[in-house]
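Written below as structure tokens is the structure these notes are about.
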Amino acid sequence: WRGDGPAYGENGTNSCYLYGRDAVSVIRQHNASQPFFLYLAFQDVHAPYQSLPEYTNNSIPYERRANNGMMNCVCDATMNVTAALKEQGMWDNTLMVFASDNGGPQYWEGNNYPLRGGKWVDFEGGVR
């Protein structure tokens with residue numbers, strides 16, 4: 001959905017692009033003298049494990065390639081959001097928080113070191 005209707009023309013567009021682009025648009029339209037709250041929930045580093053070709057580094061072992069590519073897309077979108085906040089003069093008064101719902105999946109080369117465990121495990125690597 002976009003607004004109160006279907007997001008026509010967006011099928012096949014990576015959600016990282018969609019959410020990042022929309023966040024930048026909202027920031028640019030906001031009056032910087034007013035308080036602002038933005039909740040931006042990227043779900044890219046998540047199943048299905050697929051990386052866009054422009055973010056796929058074939059020199060990385062196959063098992064880590066998709067996760068690396070998905071994370072690089074999130075990094076680019078975060079960079080664009082940060083740049084928009086700076087352009088609007090909002091960066092110096094911004095608190096940016098990153099949170100995760102769980103640790104990386106160890107069954108798919110997730111690495112939560114130095115924490116023990118991962119996704120679906122109650123050890124600190126799965127819940128912190």
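By order of appearance in the structure tokens: chains A, B, ..., then residues from 1 within every chain, and ligands from 1 in the order shown.
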Item to check | Picked from chain A by DSSP as helix (DSSP H, G or I), as a PyMOL selection string | outcome: chain A and resi 15-29+53-55+62-87+91-93+106-108+124-127
Kindly export the residues of the current selection with N, CA and C atoms, as a compact mmCIF listing (two decimals), in the first residue's frame.
```txt
# COMPACT_ATOMS: atom_id res chain seq x y z
N SER A 15 12.24 -3.96 -1.27
CA SER A 15 11.66 -3.16 -0.19
C SER A 15 12.66 -2.17 0.39
N CYS A 16 13.94 -2.50 0.34
CA CYS A 16 14.97 -1.58 0.83
C CYS A 16 14.92 -0.27 0.04
N TYR A 17 14.75 -0.38 -1.28
CA TYR A 17 14.62 0.81 -2.12
C TYR A 17 13.35 1.57 -1.78
N LEU A 18 12.24 0.84 -1.66
CA LEU A 18 10.95 1.47 -1.39
C LEU A 18 10.96 2.23 -0.07
N TYR A 19 11.35 1.55 1.00
CA TYR A 19 11.32 2.18 2.32
C TYR A 19 12.33 3.31 2.42
N GLY A 20 13.52 3.10 1.88
CA GLY A 20 14.54 4.14 1.92
C GLY A 20 14.12 5.37 1.15
N ARG A 21 13.57 5.16 -0.04
CA ARG A 21 13.11 6.27 -0.88
C ARG A 21 11.97 7.03 -0.21
N ASP A 22 11.03 6.30 0.37
CA ASP A 22 9.91 6.96 1.05
C ASP A 22 10.38 7.73 2.28
N ALA A 23 11.32 7.17 3.03
CA ALA A 23 11.84 7.86 4.22
C ALA A 23 12.52 9.17 3.81
N VAL A 24 13.33 9.13 2.77
CA VAL A 24 14.00 10.35 2.29
C VAL A 24 12.97 11.38 1.85
N SER A 25 11.93 10.94 1.18
CA SER A 25 10.87 11.86 0.74
C SER A 25 10.17 12.52 1.93
N VAL A 26 9.85 11.74 2.95
CA VAL A 26 9.19 12.28 4.14
C VAL A 26 10.10 13.29 4.84
N ILE A 27 11.38 12.97 4.94
CA ILE A 27 12.33 13.88 5.60
C ILE A 27 12.41 15.19 4.83
N ARG A 28 12.49 15.11 3.52
CA ARG A 28 12.63 16.33 2.71
C ARG A 28 11.37 17.21 2.76
N GLN A 29 10.22 16.61 2.98
CA GLN A 29 8.98 17.37 3.04
C GLN A 29 8.69 17.91 4.45
N PRO A 53 21.56 -7.92 -7.75
CA PRO A 53 22.82 -8.08 -8.47
C PRO A 53 23.84 -6.98 -8.16
N GLU A 54 23.39 -5.74 -8.03
CA GLU A 54 24.32 -4.63 -7.78
C GLU A 54 24.96 -4.69 -6.39
N TYR A 55 24.42 -5.52 -5.52
CA TYR A 55 24.99 -5.68 -4.17
C TYR A 55 25.64 -7.04 -3.96
N TYR A 62 29.76 -18.33 -1.17
CA TYR A 62 28.33 -18.38 -1.48
C TYR A 62 27.46 -18.30 -0.24
N GLU A 63 27.85 -18.99 0.83
CA GLU A 63 27.03 -19.06 2.03
C GLU A 63 26.81 -17.69 2.66
N ARG A 64 27.72 -16.74 2.45
CA ARG A 64 27.61 -15.41 3.06
C ARG A 64 27.22 -14.33 2.06
N ARG A 65 27.21 -14.66 0.80
CA ARG A 65 27.01 -13.69 -0.27
C ARG A 65 25.67 -12.96 -0.17
N ALA A 66 24.59 -13.69 0.03
CA ALA A 66 23.26 -13.06 0.07
C ALA A 66 23.12 -12.14 1.28
N ASN A 67 23.55 -12.62 2.46
CA ASN A 67 23.46 -11.77 3.65
C ASN A 67 24.28 -10.49 3.48
N ASN A 68 25.46 -10.62 2.92
CA ASN A 68 26.32 -9.46 2.69
C ASN A 68 25.64 -8.48 1.75
N GLY A 69 25.07 -8.97 0.67
CA GLY A 69 24.40 -8.10 -0.29
C GLY A 69 23.19 -7.41 0.31
N MET A 70 22.39 -8.14 1.08
CA MET A 70 21.21 -7.54 1.70
C MET A 70 21.62 -6.45 2.69
N MET A 71 22.68 -6.70 3.46
CA MET A 71 23.14 -5.71 4.43
C MET A 71 23.70 -4.48 3.73
N ASN A 72 24.37 -4.67 2.61
CA ASN A 72 24.89 -3.52 1.85
C ASN A 72 23.77 -2.64 1.32
N CYS A 73 22.65 -3.23 0.94
CA CYS A 73 21.50 -2.45 0.49
C CYS A 73 20.95 -1.61 1.65
N VAL A 74 20.84 -2.22 2.82
CA VAL A 74 20.38 -1.47 4.00
C VAL A 74 21.36 -0.34 4.33
N CYS A 75 22.65 -0.61 4.20
CA CYS A 75 23.66 0.43 4.46
C CYS A 75 23.48 1.61 3.50
N ASP A 76 23.25 1.33 2.22
CA ASP A 76 23.04 2.41 1.25
C ASP A 76 21.79 3.22 1.58
N ALA A 77 20.71 2.53 1.92
CA ALA A 77 19.47 3.24 2.26
C ALA A 77 19.67 4.09 3.51
N THR A 78 20.40 3.57 4.49
CA THR A 78 20.68 4.33 5.71
C THR A 78 21.53 5.55 5.38
N MET A 79 22.49 5.39 4.49
CA MET A 79 23.32 6.51 4.05
C MET A 79 22.45 7.59 3.40
N ASN A 80 21.47 7.19 2.58
CA ASN A 80 20.58 8.15 1.93
C ASN A 80 19.70 8.88 2.95
N VAL A 81 19.21 8.17 3.94
CA VAL A 81 18.40 8.78 5.00
C VAL A 81 19.25 9.77 5.80
N THR A 82 20.47 9.37 6.13
CA THR A 82 21.38 10.25 6.86
C THR A 82 21.68 11.51 6.05
N ALA A 83 21.94 11.34 4.76
CA ALA A 83 22.22 12.50 3.90
C ALA A 83 21.02 13.45 3.85
N ALA A 84 19.80 12.89 3.78
CA ALA A 84 18.60 13.74 3.76
C ALA A 84 18.44 14.50 5.06
N LEU A 85 18.72 13.85 6.18
CA LEU A 85 18.64 14.54 7.48
C LEU A 85 19.65 15.68 7.54
N LYS A 86 20.84 15.46 7.00
CA LYS A 86 21.86 16.51 6.99
C LYS A 86 21.45 17.65 6.06
N GLU A 87 20.91 17.33 4.90
CA GLU A 87 20.45 18.36 3.95
C GLU A 87 19.38 19.25 4.57
N TRP A 91 20.21 16.66 11.21
CA TRP A 91 21.10 15.62 11.68
C TRP A 91 21.65 15.87 13.08
N ASP A 92 22.00 17.11 13.38
CA ASP A 92 22.62 17.42 14.68
C ASP A 92 21.66 17.24 15.85
N ASN A 93 20.38 17.12 15.56
CA ASN A 93 19.38 16.95 16.61
C ASN A 93 18.64 15.62 16.42
N GLN A 106 22.32 -18.99 12.47
CA GLN A 106 23.54 -19.78 12.38
C GLN A 106 23.45 -20.85 11.30
N TYR A 107 22.24 -21.28 10.96
CA TYR A 107 22.07 -22.28 9.92
C TYR A 107 22.34 -21.69 8.53
N TRP A 108 22.46 -20.35 8.46
CA TRP A 108 22.76 -19.69 7.19
C TRP A 108 23.97 -18.79 7.36
N GLU A 124 22.24 -15.40 24.46
CA GLU A 124 22.33 -13.97 24.17
C GLU A 124 22.47 -13.66 22.68
N GLY A 125 23.07 -14.55 21.89
CA GLY A 125 23.21 -14.32 20.45
C GLY A 125 21.89 -14.38 19.71
N GLY A 126 20.87 -14.92 20.34
CA GLY A 126 19.57 -15.00 19.69
C GLY A 126 18.56 -13.97 20.16
N VAL A 127 18.86 -13.32 21.26
CA VAL A 127 17.86 -12.40 21.82
C VAL A 127 18.37 -10.99 22.05
```
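Residue neighbourhood of A:Leu95, excluding near-sequence residues (fewer than 5 positions): Phe36, Phe37, Leu38, Tyr39, Thr82, Leu85 and Met90 of chain A, at 12 Å, using only C-alpha atoms.
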Residue subset to file, keeping N, CA and C atoms, as a PDB file, in the first residue's frame:
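For reference, result12.pdb as written:
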```
ATOM      1  N   PHE A  36      10.042  15.577  14.994  1.00  0.00           N
ATOM      2  CA  PHE A  36       9.889  14.580  13.927  1.00  0.00           C
ATOM      3  C   PHE A  36      10.230  13.202  14.474  1.00  0.00           C
ATOM      4  N   PHE A  37       9.384  12.217  14.178  1.00  0.00           N
ATOM      5  CA  PHE A  37       9.656  10.830  14.546  1.00  0.00           C
ATOM      6  C   PHE A  37       9.472   9.987  13.306  1.00  0.00           C
ATOM      7  N   LEU A  38      10.453   9.153  13.012  1.00  0.00           N
ATOM      8  CA  LEU A  38      10.377   8.254  11.867  1.00  0.00           C
ATOM      9  C   LEU A  38      10.763   6.858  12.328  1.00  0.00           C
ATOM     10  N   TYR A  39       9.880   5.914  12.120  1.00  0.00           N
ATOM     11  CA  TYR A  39      10.176   4.508  12.398  1.00  0.00           C
ATOM     12  C   TYR A  39      10.367   3.833  11.058  1.00  0.00           C
ATOM     13  N   THR A  82      20.472   9.369   6.125  1.00  0.00           N
ATOM     14  CA  THR A  82      21.382  10.248   6.861  1.00  0.00           C
ATOM     15  C   THR A  82      21.678  11.511   6.047  1.00  0.00           C
ATOM     16  N   LEU A  85      18.715  13.851   6.183  1.00  0.00           N
ATOM     17  CA  LEU A  85      18.639  14.537   7.476  1.00  0.00           C
ATOM     18  C   LEU A  85      19.653  15.678   7.541  1.00  0.00           C
ATOM     19  N   MET A  90      18.701  18.609  10.045  1.00  0.00           N
ATOM     20  CA  MET A  90      18.095  17.879  11.161  1.00  0.00           C
ATOM     21  C   MET A  90      19.062  16.902  11.814  1.00  0.00           C
TER      22      MET A  90
END
```
Checklist entry - So how far away is atom CA of A:Gly110 from atom CA of A:Ile60, in Å? => result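 Answer for the atom CA of A:Ile60 to atom CA of A:Gly110 separation: 14.1 Å.
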